[in-house]
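Asks: Just data_13.cif, nothing more (mmCIF, C-alpha atoms and all ligand atoms; chains and numbers go by the auth columns):
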```
data_work
#
loop_
_atom_site.group_PDB
_atom_site.id
_atom_site.type_symbol
_atom_site.label_atom_id
_atom_site.label_comp_id
_atom_site.label_asym_id
_atom_site.label_seq_id
_atom_site.Cartn_x
_atom_site.Cartn_y
_atom_site.Cartn_z
_atom_site.B_iso_or_equiv
_atom_site.auth_seq_id
_atom_site.auth_asym_id
ATOM 1 C CA MET A 1 -33.584 -8.334 88.643 0.00 1 G
ATOM 2 C CA ASN A 2 -32.237 -6.338 85.706 0.00 2 G
ATOM 3 C CA TYR A 3 -28.738 -7.645 85.152 0.00 3 G
ATOM 4 C CA ILE A 4 -26.414 -6.355 82.437 0.00 4 G
ATOM 5 C CA ASP A 5 -23.944 -8.354 80.354 0.00 5 G
ATOM 6 C CA SER A 6 -21.803 -5.731 78.622 0.00 6 G
ATOM 7 C CA HIS A 7 -19.627 -8.254 76.749 0.00 7 G
ATOM 8 C CA ALA A 8 -20.953 -11.499 75.253 0.00 8 G
ATOM 9 C CA HIS A 9 -19.734 -13.347 72.163 0.00 9 G
ATOM 10 C CA ILE A 10 -23.022 -15.186 71.696 0.00 10 G
ATOM 11 C CA PHE A 11 -22.655 -15.365 67.913 0.00 11 G
ATOM 12 C CA SER A 12 -19.418 -17.298 68.190 0.00 12 G
ATOM 13 C CA GLU A 13 -19.068 -20.939 67.138 0.00 13 G
ATOM 14 C CA GLU A 14 -19.466 -22.177 70.742 0.00 14 G
ATOM 15 C CA PHE A 15 -23.140 -21.154 70.813 0.00 15 G
ATOM 16 C CA LYS A 16 -24.186 -22.461 67.396 0.00 16 G
ATOM 17 C CA GLU A 17 -25.815 -25.600 68.784 0.00 17 G
ATOM 18 C CA ASP A 18 -27.979 -24.142 71.524 0.00 18 G
ATOM 19 C CA PHE A 19 -28.191 -20.403 70.795 0.00 19 G
ATOM 20 C CA HIS A 20 -31.889 -20.125 71.620 0.00 20 G
ATOM 21 C CA ASP A 21 -31.522 -21.998 74.905 0.00 21 G
ATOM 22 C CA VAL A 22 -28.679 -19.685 75.854 0.00 22 G
ATOM 23 C CA CYS A 23 -30.869 -16.618 75.186 0.00 23 G
ATOM 24 C CA LEU A 24 -33.758 -18.186 77.059 0.00 24 G
ATOM 25 C CA ARG A 25 -31.642 -19.023 80.126 0.00 25 G
ATOM 26 C CA ALA A 26 -30.363 -15.441 80.151 0.00 26 G
ATOM 27 C CA LYS A 27 -33.934 -14.166 80.168 0.00 27 G
ATOM 28 C CA GLU A 28 -34.956 -16.597 82.933 0.00 28 G
ATOM 29 C CA ASN A 29 -32.040 -15.483 85.100 0.00 29 G
ATOM 30 C CA GLY A 30 -33.005 -11.829 84.761 0.00 30 G
ATOM 31 C CA ILE A 31 -30.316 -10.741 82.320 0.00 31 G
ATOM 32 C CA HIS A 32 -32.009 -7.680 81.034 0.00 32 G
ATOM 33 C CA ARG A 33 -29.622 -6.324 78.391 0.00 33 G
ATOM 34 C CA ILE A 34 -26.723 -7.916 76.493 0.00 34 G
ATOM 35 C CA MET A 35 -23.987 -6.332 74.384 0.00 35 G
ATOM 36 C CA ILE A 36 -23.212 -8.818 71.598 0.00 36 G
ATOM 37 C CA ILE A 37 -19.557 -8.567 70.592 0.00 37 G
ATOM 38 C CA THR A 38 -18.756 -9.486 66.999 0.00 38 G
ATOM 39 C CA THR A 39 -15.324 -9.769 65.428 0.00 39 G
ATOM 40 C CA ARG A 40 -16.164 -10.824 61.835 0.00 40 G
ATOM 41 C CA VAL A 41 -18.229 -9.048 59.188 0.00 41 G
ATOM 42 C CA GLU A 42 -20.585 -12.007 58.724 0.00 42 G
ATOM 43 C CA GLU A 43 -21.009 -12.404 62.469 0.00 43 G
ATOM 44 C CA ALA A 44 -21.834 -8.683 62.785 0.00 44 G
ATOM 45 C CA LYS A 45 -24.496 -8.927 60.078 0.00 45 G
ATOM 46 C CA GLN A 46 -26.135 -11.909 61.785 0.00 46 G
ATOM 47 C CA ALA A 47 -26.113 -10.161 65.169 0.00 47 G
ATOM 48 C CA ILE A 48 -27.593 -6.978 63.674 0.00 48 G
ATOM 49 C CA ALA A 49 -30.435 -8.926 62.052 0.00 49 G
ATOM 50 C CA PHE A 50 -31.081 -10.774 65.330 0.00 50 G
ATOM 51 C CA SER A 51 -30.978 -7.661 67.524 0.00 51 G
ATOM 52 C CA LYS A 52 -33.809 -6.060 65.548 0.00 52 G
ATOM 53 C CA GLN A 53 -36.306 -8.354 67.264 0.00 53 G
ATOM 54 C CA ASP A 54 -35.562 -6.618 70.569 0.00 54 G
ATOM 55 C CA PRO A 55 -33.192 -3.658 70.230 0.00 55 G
ATOM 56 C CA TYR A 56 -33.547 -2.621 73.861 0.00 56 G
ATOM 57 C CA ARG A 57 -32.472 -6.051 75.034 0.00 57 G
ATOM 58 C CA TYR A 58 -29.701 -6.706 72.494 0.00 58 G
ATOM 59 C CA GLN A 59 -26.962 -4.267 71.572 0.00 59 G
ATOM 60 C CA VAL A 60 -24.357 -5.049 68.914 0.00 60 G
ATOM 61 C CA ALA A 61 -20.683 -4.089 68.817 0.00 61 G
ATOM 62 C CA PHE A 62 -18.241 -4.698 65.995 0.00 62 G
ATOM 63 C CA GLY A 63 -14.512 -4.102 65.640 0.00 63 G
ATOM 64 C CA ILE A 64 -11.255 -5.772 64.651 0.00 64 G
ATOM 65 C CA HIS A 65 -9.709 -7.565 67.624 0.00 65 G
ATOM 66 C CA PRO A 66 -5.970 -6.943 68.129 0.00 66 G
ATOM 67 C CA GLU A 67 -5.340 -10.679 67.658 0.00 67 G
ATOM 68 C CA ASP A 68 -6.613 -10.259 64.095 0.00 68 G
ATOM 69 C CA VAL A 69 -4.185 -7.471 63.269 0.00 69 G
ATOM 70 C CA GLN A 70 -2.694 -9.521 60.460 0.00 70 G
ATOM 71 C CA ILE A 71 -5.958 -9.700 58.501 0.00 71 G
ATOM 72 C CA ALA A 72 -6.615 -5.969 58.887 0.00 72 G
ATOM 73 C CA ASN A 73 -6.333 -3.813 55.761 0.00 73 G
ATOM 74 C CA ASP A 74 -7.961 -0.712 54.272 0.00 74 G
ATOM 75 C CA ASP A 75 -10.820 -2.698 52.825 0.00 75 G
ATOM 76 C CA LEU A 76 -11.658 -4.282 56.182 0.00 76 G
ATOM 77 C CA LEU A 77 -11.458 -0.896 57.912 0.00 77 G
ATOM 78 C CA ARG A 78 -13.831 0.489 55.290 0.00 78 G
ATOM 79 C CA GLN A 79 -16.252 -2.316 56.205 0.00 79 G
ATOM 80 C CA VAL A 80 -15.834 -1.563 59.920 0.00 80 G
ATOM 81 C CA ARG A 81 -16.756 2.074 59.248 0.00 81 G
ATOM 82 C CA GLU A 82 -19.758 1.033 57.190 0.00 82 G
ATOM 83 C CA ILE A 83 -21.072 -1.433 59.800 0.00 83 G
ATOM 84 C CA VAL A 84 -20.508 0.652 62.928 0.00 84 G
ATOM 85 C CA SER A 85 -22.210 3.651 61.342 0.00 85 G
ATOM 86 C CA MET A 86 -25.447 1.623 61.191 0.00 86 G
ATOM 87 C CA PRO A 87 -28.024 2.676 63.798 0.00 87 G
ATOM 88 C CA GLU A 88 -28.310 -0.948 64.996 0.00 88 G
ATOM 89 C CA VAL A 89 -24.670 -0.924 66.131 0.00 89 G
ATOM 90 C CA SER A 90 -24.065 0.606 69.558 0.00 90 G
ATOM 91 C CA ALA A 91 -20.295 0.426 69.998 0.00 91 G
ATOM 92 C CA VAL A 92 -16.939 -0.164 68.295 0.00 92 G
ATOM 93 C CA GLY A 93 -15.163 -3.177 69.733 0.00 93 G
ATOM 94 C CA GLU A 94 -13.577 -5.046 70.872 0.00 94 G
ATOM 95 C CA ILE A 95 -10.465 -3.132 69.880 0.00 95 G
ATOM 96 C CA GLY A 96 -7.175 -2.575 71.670 0.00 96 G
ATOM 97 C CA LEU A 97 -3.813 -4.192 72.301 0.00 97 G
ATOM 98 C CA ASP A 98 -2.840 -7.765 73.138 0.00 98 G
ATOM 99 C CA TYR A 99 0.857 -8.377 73.723 0.00 99 G
ATOM 100 C CA TYR A 100 0.193 -11.677 75.431 0.00 100 G
ATOM 101 C CA TRP A 101 -0.678 -13.382 72.136 0.00 101 G
ATOM 102 C CA ASP A 102 1.276 -11.244 69.766 0.00 102 G
ATOM 103 C CA LYS A 103 4.040 -8.912 70.868 0.00 103 G
ATOM 104 C CA GLU A 104 5.687 -9.099 67.460 0.00 104 G
ATOM 105 C CA HIS A 105 3.059 -6.914 65.782 0.00 105 G
ATOM 106 C CA ALA A 106 2.786 -4.316 68.543 0.00 106 G
ATOM 107 C CA GLU A 107 3.242 -1.383 66.143 0.00 107 G
ATOM 108 C CA GLU A 108 0.568 -2.669 63.742 0.00 108 G
ATOM 109 C CA GLN A 109 -1.752 -3.252 66.701 0.00 109 G
ATOM 110 C CA LYS A 110 -1.279 0.331 67.876 0.00 110 G
ATOM 111 C CA GLN A 111 -2.045 1.672 64.392 0.00 111 G
ATOM 112 C CA LEU A 112 -5.154 -0.483 64.111 0.00 112 G
ATOM 113 C CA PHE A 113 -6.338 0.603 67.563 0.00 113 G
ATOM 114 C CA ILE A 114 -5.897 4.295 66.722 0.00 114 G
ATOM 115 C CA GLU A 115 -7.646 3.903 63.346 0.00 115 G
ATOM 116 C CA GLN A 116 -10.653 2.307 65.031 0.00 116 G
ATOM 117 C CA ILE A 117 -10.813 4.956 67.776 0.00 117 G
ATOM 118 C CA LYS A 118 -10.976 7.538 64.977 0.00 118 G
ATOM 119 C CA ILE A 119 -13.828 5.634 63.337 0.00 119 G
ATOM 120 C CA ALA A 120 -15.697 5.452 66.674 0.00 120 G
ATOM 121 C CA ASN A 121 -15.313 9.201 67.131 0.00 121 G
ATOM 122 C CA GLU A 122 -16.508 9.852 63.580 0.00 122 G
ATOM 123 C CA VAL A 123 -19.679 7.845 64.150 0.00 123 G
ATOM 124 C CA ASN A 124 -19.973 9.097 67.741 0.00 124 G
ATOM 125 C CA LYS A 125 -20.108 5.681 69.418 0.00 125 G
ATOM 126 C CA PRO A 126 -18.269 4.324 72.460 0.00 126 G
ATOM 127 C CA ILE A 127 -15.310 1.943 72.228 0.00 127 G
ATOM 128 C CA LEU A 128 -14.913 -1.419 73.997 0.00 128 G
ATOM 129 C CA VAL A 129 -11.257 -1.838 74.826 0.00 129 G
ATOM 130 C CA HIS A 130 -9.368 -5.111 75.158 0.00 130 G
ATOM 131 C CA SER A 131 -5.966 -4.753 76.813 0.00 131 G
ATOM 132 C CA ARG A 132 -3.759 -7.666 77.746 0.00 132 G
ATOM 133 C CA ASP A 133 -0.177 -7.251 78.943 0.00 133 G
ATOM 134 C CA ALA A 134 -0.270 -3.827 77.314 0.00 134 G
ATOM 135 C CA MET A 135 -1.835 -1.531 79.901 0.00 135 G
ATOM 136 C CA GLN A 136 0.560 1.417 79.674 0.00 136 G
ATOM 137 C CA ASP A 137 0.503 1.537 75.850 0.00 137 G
ATOM 138 C CA THR A 138 -3.292 1.222 75.912 0.00 138 G
ATOM 139 C CA TYR A 139 -3.565 4.093 78.357 0.00 139 G
ATOM 140 C CA ASP A 140 -1.148 6.294 76.380 0.00 140 G
ATOM 141 C CA ILE A 141 -3.089 5.757 73.147 0.00 141 G
ATOM 142 C CA MET A 142 -6.386 6.504 74.874 0.00 142 G
ATOM 143 C CA VAL A 143 -5.027 9.691 76.405 0.00 143 G
ATOM 144 C CA ASN A 144 -3.602 10.861 73.069 0.00 144 G
ATOM 145 C CA ASN A 145 -6.749 9.857 71.156 0.00 145 G
ATOM 146 C CA PRO A 146 -9.587 10.812 73.481 0.00 146 G
ATOM 147 C CA SER A 147 -12.842 8.962 73.079 0.00 147 G
ATOM 148 C CA ARG A 148 -15.473 7.463 75.362 0.00 148 G
ATOM 149 C CA GLY A 149 -16.078 3.830 76.200 0.00 149 G
ATOM 150 C CA LEU A 150 -15.160 1.010 78.548 0.00 150 G
ATOM 151 C CA MET A 151 -12.229 -1.135 79.579 0.00 151 G
ATOM 152 C CA HIS A 152 -13.375 -4.700 79.058 0.00 152 G
ATOM 153 C CA CYS A 153 -12.249 -7.475 81.459 0.00 153 G
ATOM 154 C CA PHE A 154 -10.106 -4.898 83.206 0.00 154 G
ATOM 155 C CA ALA A 155 -6.875 -6.437 84.487 0.00 155 G
ATOM 156 C CA GLY A 156 -4.982 -3.306 85.491 0.00 156 G
ATOM 157 C CA SER A 157 -4.255 -2.057 88.990 0.00 157 G
ATOM 158 C CA ALA A 158 -6.711 -0.098 91.118 0.00 158 G
ATOM 159 C CA GLU A 159 -4.596 3.031 90.500 0.00 159 G
ATOM 160 C CA MET A 160 -4.808 2.494 86.755 0.00 160 G
ATOM 161 C CA GLY A 161 -8.558 1.905 87.016 0.00 161 G
ATOM 162 C CA ILE A 162 -8.928 5.251 88.777 0.00 162 G
ATOM 163 C CA GLU A 163 -6.934 6.953 85.991 0.00 163 G
ATOM 164 C CA PHE A 164 -9.236 5.541 83.293 0.00 164 G
ATOM 165 C CA VAL A 165 -12.307 6.642 85.247 0.00 165 G
ATOM 166 C CA LYS A 166 -10.831 10.147 85.540 0.00 166 G
ATOM 167 C CA LYS A 167 -10.771 10.207 81.736 0.00 167 G
ATOM 168 C CA GLY A 168 -14.441 9.207 81.711 0.00 168 G
ATOM 169 C CA TYR A 169 -14.023 5.526 80.812 0.00 169 G
ATOM 170 C CA TYR A 170 -16.052 2.751 82.416 0.00 170 G
ATOM 171 C CA ILE A 171 -14.497 -0.360 83.949 0.00 171 G
ATOM 172 C CA ALA A 172 -16.119 -3.717 83.172 0.00 172 G
ATOM 173 C CA LEU A 173 -15.421 -6.661 85.477 0.00 173 G
ATOM 174 C CA GLY A 174 -16.305 -10.296 84.916 0.00 174 G
ATOM 175 C CA GLY A 175 -15.680 -13.860 86.036 0.00 175 G
ATOM 176 C CA ALA A 176 -12.150 -13.133 87.272 0.00 176 G
ATOM 177 C CA ALA A 177 -13.707 -11.271 90.218 0.00 177 G
ATOM 178 C CA THR A 178 -15.110 -14.573 91.508 0.00 178 G
ATOM 179 C CA PHE A 179 -11.842 -16.541 91.331 0.00 179 G
ATOM 180 C CA LYS A 180 -9.979 -17.516 94.473 0.00 180 G
ATOM 181 C CA ASN A 181 -7.058 -15.245 93.536 0.00 181 G
ATOM 182 C CA ALA A 182 -9.404 -12.376 92.686 0.00 182 G
ATOM 183 C CA ARG A 183 -7.729 -9.858 94.976 0.00 183 G
ATOM 184 C CA HIS A 184 -6.759 -7.712 91.976 0.00 184 G
ATOM 185 C CA SER A 185 -10.244 -7.362 90.437 0.00 185 G
ATOM 186 C CA LEU A 186 -11.762 -6.785 93.852 0.00 186 G
ATOM 187 C CA GLU A 187 -9.307 -4.000 94.649 0.00 187 G
ATOM 188 C CA VAL A 188 -10.303 -2.346 91.374 0.00 188 G
ATOM 189 C CA CYS A 189 -13.973 -2.809 92.233 0.00 189 G
ATOM 190 C CA LYS A 190 -13.470 -1.236 95.664 0.00 190 G
ATOM 191 C CA ALA A 191 -11.362 1.648 94.423 0.00 191 G
ATOM 192 C CA ILE A 192 -13.460 3.010 91.598 0.00 192 G
ATOM 193 C CA ASP A 193 -16.645 5.042 91.695 0.00 193 G
ATOM 194 C CA GLU A 194 -19.606 2.641 91.395 0.00 194 G
ATOM 195 C CA ARG A 195 -21.113 4.904 88.740 0.00 195 G
ATOM 196 C CA TYR A 196 -18.312 3.744 86.410 0.00 196 G
ATOM 197 C CA LEU A 197 -18.594 -0.002 86.953 0.00 197 G
ATOM 198 C CA LEU A 198 -20.114 -2.477 84.492 0.00 198 G
ATOM 199 C CA THR A 199 -20.644 -6.247 84.589 0.00 199 G
ATOM 200 C CA GLU A 200 -19.765 -8.665 81.794 0.00 200 G
ATOM 201 C CA THR A 201 -19.308 -12.363 81.113 0.00 201 G
ATOM 202 C CA ASP A 202 -16.908 -12.312 78.102 0.00 202 G
ATOM 203 C CA CYS A 203 -18.661 -15.576 77.290 0.00 203 G
ATOM 204 C CA PRO A 204 -17.863 -18.240 76.118 0.00 204 G
ATOM 205 C CA TYR A 205 -14.683 -17.511 78.106 0.00 205 G
ATOM 206 C CA MET A 206 -14.047 -16.678 81.767 0.00 206 G
ATOM 207 C CA SER A 207 -16.770 -18.651 83.552 0.00 207 G
ATOM 208 C CA PRO A 208 -17.210 -17.425 87.107 0.00 208 G
ATOM 209 C CA GLU A 209 -16.864 -19.686 90.140 0.00 209 G
ATOM 210 C CA PRO A 210 -18.374 -22.231 90.737 0.00 210 G
ATOM 211 C CA LEU A 211 -18.564 -22.913 86.980 0.00 211 G
ATOM 212 C CA ARG A 212 -14.941 -22.151 86.171 0.00 212 G
ATOM 213 C CA GLY A 213 -13.591 -24.191 83.259 0.00 213 G
ATOM 214 C CA ARG A 214 -16.995 -24.659 81.616 0.00 214 G
ATOM 215 C CA ARG A 215 -18.413 -22.656 78.734 0.00 215 G
ATOM 216 C CA ASN A 216 -19.609 -19.312 80.035 0.00 216 G
ATOM 217 C CA GLU A 217 -22.908 -17.649 79.039 0.00 217 G
ATOM 218 C CA PRO A 218 -24.906 -14.485 79.881 0.00 218 G
ATOM 219 C CA ALA A 219 -27.096 -16.400 82.379 0.00 219 G
ATOM 220 C CA ASN A 220 -24.047 -16.542 84.694 0.00 220 G
ATOM 221 C CA ILE A 221 -23.963 -12.780 85.346 0.00 221 G
ATOM 222 C CA PRO A 222 -25.619 -13.104 88.801 0.00 222 G
ATOM 223 C CA TYR A 223 -22.519 -14.886 90.205 0.00 223 G
ATOM 224 C CA ILE A 224 -20.408 -11.900 89.148 0.00 224 G
ATOM 225 C CA ALA A 225 -22.869 -9.217 90.245 0.00 225 G
ATOM 226 C CA LYS A 226 -23.246 -10.817 93.705 0.00 226 G
ATOM 227 C CA LYS A 227 -19.506 -10.838 94.265 0.00 227 G
ATOM 228 C CA LEU A 228 -19.073 -7.240 93.107 0.00 228 G
ATOM 229 C CA ALA A 229 -22.053 -5.976 95.133 0.00 229 G
ATOM 230 C CA GLU A 230 -20.634 -7.671 98.229 0.00 230 G
ATOM 231 C CA THR A 231 -17.223 -6.112 97.556 0.00 231 G
ATOM 232 C CA LYS A 232 -18.824 -2.682 97.226 0.00 232 G
ATOM 233 C CA GLY A 233 -20.825 -3.254 100.427 0.00 233 G
ATOM 234 C CA MET A 234 -24.057 -2.692 98.502 0.00 234 G
ATOM 235 C CA GLU A 235 -27.338 -4.569 98.459 0.00 235 G
ATOM 236 C CA LEU A 236 -27.546 -6.680 95.302 0.00 236 G
ATOM 237 C CA GLU A 237 -30.695 -4.869 94.056 0.00 237 G
ATOM 238 C CA GLU A 238 -29.115 -1.485 94.588 0.00 238 G
ATOM 239 C CA PHE A 239 -25.901 -2.566 92.832 0.00 239 G
ATOM 240 C CA VAL A 240 -27.731 -4.077 89.860 0.00 240 G
ATOM 241 C CA GLU A 241 -29.828 -0.932 89.453 0.00 241 G
ATOM 242 C CA GLN A 242 -26.654 1.172 89.525 0.00 242 G
ATOM 243 C CA ILE A 243 -25.081 -0.988 86.791 0.00 243 G
ATOM 244 C CA ASN A 244 -28.247 -0.643 84.763 0.00 244 G
ATOM 245 C CA GLN A 245 -28.066 3.136 84.947 0.00 245 G
ATOM 246 C CA ASN A 246 -24.353 3.065 84.146 0.00 246 G
ATOM 247 C CA TYR A 247 -24.980 0.984 81.044 0.00 247 G
ATOM 248 C CA ALA A 248 -27.680 3.350 79.795 0.00 248 G
ATOM 249 C CA ARG A 249 -25.393 6.333 80.412 0.00 249 G
ATOM 250 C CA PHE A 250 -22.519 4.502 78.693 0.00 250 G
ATOM 251 C CA LEU A 251 -24.770 4.005 75.652 0.00 251 G
ATOM 252 C CA GLY A 252 -25.689 7.682 75.730 0.00 252 G
ATOM 253 C CA GLU A 253 -29.340 6.943 76.508 0.00 253 G
ATOM 254 C CA ASN A 254 -29.512 9.341 79.437 0.00 254 G
ATOM 255 C CA ASN A 255 -27.400 12.174 80.727 0.00 255 G
ATOM 256 C CA GLU A 256 -26.874 12.415 84.434 0.00 256 G
HETATM 257 ZN ZN ZN B . -14.284 -10.386 74.158 0.00 1 S
#
```
Produce structure tokens that represent the structure in this file.

Replies:
Amino acid sequence: MNYIDSHAHIFSEEFKEDFHDVCLRAKENGIHRIMIITTRVEEAKQAIAFSKQDPYRYQVAFGIHPEDVQIANDDLLRQVREIVSMPEVSAVGEIGLDYYWDKEHAEEQKQLFIEQIKIANEVNKPILVHSRDAMQDTYDIMVNNPSRGLMHCFAGSAEMGIEFVKKGYYIALGGAATFKNARHSLEVCKAIDERYLLTETDCPYMSPEPLRGRRNEPANIPYIAKKLAETKGMELEEFVEQINQNYARFLGENNE
């Protein structure tokens, strides 16, 4: 099976101890391609060096997370531009708005989000968007600053999901789809065109059922894919192949 994990923080502190085992388990479970999300310059450099051993299998994304808005400055943005323009980097992210953690700096977050969308457009790479308790502002910014990319860990309504897809954005769903109160994610999954769906872990966070509460890792993607395939009324193989094609199209590898 060729599973996709479009959002994995495998260079974060939580994987320091057993990084190679984590990569090995992913391989054993059929996780075919992994987008490594990095949020620090050093982390990005490590991930880039690592990805060179198998660039088809490992993609790298880098961007300033909205929670880090207070450390953002011109110098850091200059470094973002420099790193994401490298051929080893596939996407700019995660970027976006998070009013759950920090509503106080909403204006600064919006500015930072817009700046990074501009950078992504300059280097012609997709964006990976984080949006928490800020869906309408996120949508407005994305409509006013058109780009291409995906909504990571999408927590909006089915109607909102359809609106993003109309603008050409992909919708990535993860562990939340397996939770007992998953109605929301599953409605999104049902409502949107399967050609715009992606799977992700957001590891080390958001472990799917039955592993909820434990550290998450890319090897857990099958729990998520099974649930989403079932929700779409598709065979697992057919669903996984569709996600695979979506991911390649999202990366600009093919044009359908
Ligand atoms: Zn993330």

Asks: Using only C-alpha atoms and all ligand atoms, can you tell me which of G:Glu82, G:Asp5, G:Glu107, G:Glu187 comes closest to ligand ZN 1 (chain S)?

Replies: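 Distance minimum relative to ligand ZN 1 (chain S) lands on G:Asp5.
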
Asks: In Å, with one decimal, what is the gap from CA of Tyr247 (chain G) to CA of His152 (chain G)?

Replies: 13.1 Å

Asks: Evaluated on this file, the PyMOL selection byres (((chain G and resi 41) around 9) and not hetatm) picks out some residues - which ones are they, written as a list in words?

Replies: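 So the PyMOL selection byres (((chain G and resi 41) around 9) and not hetatm), applied here, picks out Thr38, Thr39, Arg40, Glu42, Glu43, Ala44, Lys45, Gln46, Phe62, Gly63, Leu76, Gln79, Val80 and Ile83 of chain G.
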
Asks: With distances taken over only C-alpha atoms, which residue among G:Asn145, G:Gln59, G:Asn220, G:Ser207 lies nearest Gln116 (chain G)?

Replies: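 Using only C-alpha atoms, Gln116 (chain G) sits closest to G:Asn145.
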
Asks: Would you list the contacts of Arg195 (chain G) as a ChimeraX atom specification, taking every protein, DNA or RNA residue within 8 Å and counting only C-alpha atoms, but skipping same-chain residues closer than 5 positions in sequence?

Replies: /G:242-243,246

Asks: Neighbouring residues of ligand ZN 1 (chain S) are defined here as those with any atom at most 10 Å from a ligand atom, counting all atoms listed in the file; list them as a list of chain:residue names.

Replies: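 Result of the 10 Å neighbour search around ligand ZN 1 (chain S): G:Ser6, G:His7, G:Ala8, G:His9, G:Ile36, G:Ile37, G:Thr38, G:Thr39, G:His65, G:Gly93, G:Glu94, G:Ile95, G:Leu128, G:Val129, G:His130, G:His152, G:Cys153, G:Glu200, G:Thr201, G:Asp202, G:Cys203, G:Pro204, G:Tyr205, G:Met206.
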
Asks: Evaluate the PyMOL selection byres (((chain G and resi 87) around 12) and not hetatm) here and jot the selected residues down as a list in words.

Replies: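 Given this file, the PyMOL selection byres (((chain G and resi 87) around 12) and not hetatm) evaluates to Ile48, Ala49, Ser51, Lys52, Pro55, Gln59, Val60, Ala61, Glu82, Ile83, Val84, Ser85, Met86, Glu88, Val89, Ser90, Ala91, Val123, Asn124 and Lys125 of chain G.
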
Asks: Hey, can you spit out that residue selection with C-alpha atoms as a PDB file, keeping the file's coordinate frame?

Replies:
```pdb
ATOM      1  CA  ILE G  48     -27.593  -6.978  63.674  1.00  0.00           C
ATOM      2  CA  ALA G  49     -30.435  -8.926  62.052  1.00  0.00           C
ATOM      3  CA  SER G  51     -30.978  -7.661  67.524  1.00  0.00           C
ATOM      4  CA  LYS G  52     -33.809  -6.060  65.548  1.00  0.00           C
ATOM      5  CA  PRO G  55     -33.192  -3.658  70.230  1.00  0.00           C
ATOM      6  CA  GLN G  59     -26.962  -4.267  71.572  1.00  0.00           C
ATOM      7  CA  VAL G  60     -24.357  -5.049  68.914  1.00  0.00           C
ATOM      8  CA  ALA G  61     -20.683  -4.089  68.817  1.00  0.00           C
ATOM      9  CA  GLU G  82     -19.758   1.033  57.190  1.00  0.00           C
ATOM     10  CA  ILE G  83     -21.072  -1.433  59.800  1.00  0.00           C
ATOM     11  CA  VAL G  84     -20.508   0.652  62.928  1.00  0.00           C
ATOM     12  CA  SER G  85     -22.210   3.651  61.342  1.00  0.00           C
ATOM     13  CA  MET G  86     -25.447   1.623  61.191  1.00  0.00           C
ATOM     14  CA  GLU G  88     -28.310  -0.948  64.996  1.00  0.00           C
ATOM     15  CA  VAL G  89     -24.670  -0.924  66.131  1.00  0.00           C
ATOM     16  CA  SER G  90     -24.065   0.606  69.558  1.00  0.00           C
ATOM     17  CA  ALA G  91     -20.295   0.426  69.998  1.00  0.00           C
ATOM     18  CA  VAL G 123     -19.679   7.845  64.150  1.00  0.00           C
ATOM     19  CA  ASN G 124     -19.973   9.097  67.741  1.00  0.00           C
ATOM     20  CA  LYS G 125     -20.108   5.681  69.418  1.00  0.00           C
TER      21      LYS G 125
END
```

Asks: Running the PyMOL selection byres (((chain G and resi 193) around 10) and not hetatm) on this model by hand, what would come out? Give it as number ranges by chain.

Replies: G: 161-162, 165-166, 170-171, 188-192, 194-197, 232

Asks: At what distance in Å, to one decimal, does CA of Arg132 (chain G) lie from CA of Tyr58 (chain G)?

Replies: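 Calculated distance between CA of Tyr58 (chain G) and CA of Arg132 (chain G) is 26.5 Å.
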
Asks: Provide the CA of Ile4 (chain G) to CA of Ile221 (chain G) distance in Å, to one decimal place.

Replies: 7.5 Å

Asks: For a quick check of understanding, using all atoms listed in the file, which of G:Ala225, G:Arg57, G:Lys118, G:Arg215 has the smallest distance to Glu237 (chain G)?

Replies: G:Ala225

Asks: Point out the residue among G:Leu251, G:Asp140, G:Pro218, G:Ala177 with the least atom-to-atom distance to Val92 (chain G), counting all atoms listed in the file.

Replies: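 Residue with the minimum atom-to-atom distance to Val92 (chain G): G:Leu251.
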
Asks: Measuring between all atoms listed in the file, which one of G:Asn244, G:Gln53, G:Asn2, G:Ser147 shows the shortest distance to His32 (chain G)?

Replies: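 Using all atoms listed in the file, the shortest distance to His32 (chain G) belongs to G:Asn2.
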
Asks: Which residue out of G:Glu14, G:Asp74, G:Asp54, G:Glu238 has the minimum interatomic distance to Gln111 (chain G) when all atoms listed in the file are used?

Replies: G:Asp74

Asks: For the contact check between region 59-125 of chain G and region 133-136 of chain G, emit one row per residue of region 59-125 of chain G within 7 Å, containing the shortest atom pair and the distance in Å rounded to one decimal, counting all atoms listed in the file, chain then rising number order, as JSON lines.

Replies:
```
{"residue": "G:Leu97", "atom": "CA", "partner": "G:Ala134", "partner_atom": "CA", "distance": 6.1}
{"residue": "G:Asp98", "atom": "CA", "partner": "G:Ala134", "partner_atom": "CA", "distance": 6.3}
{"residue": "G:Tyr99", "atom": "CA", "partner": "G:Asp133", "partner_atom": "CA", "distance": 5.4}
{"residue": "G:Tyr100", "atom": "CA", "partner": "G:Asp133", "partner_atom": "CA", "distance": 5.7}
```

Asks: Adding 6 Å on each side of the box along x, y and z that holds all listed atoms of region 14-17 of chain G, could you give its centre and edge lengths in Å to one decimal, as lines of an AutoDock Vina configuration file?

Replies:
```
center_x = -22.6
center_y = -23.4
center_z = 69.1
size_x = 18.3
size_y = 16.4
size_z = 15.4
```
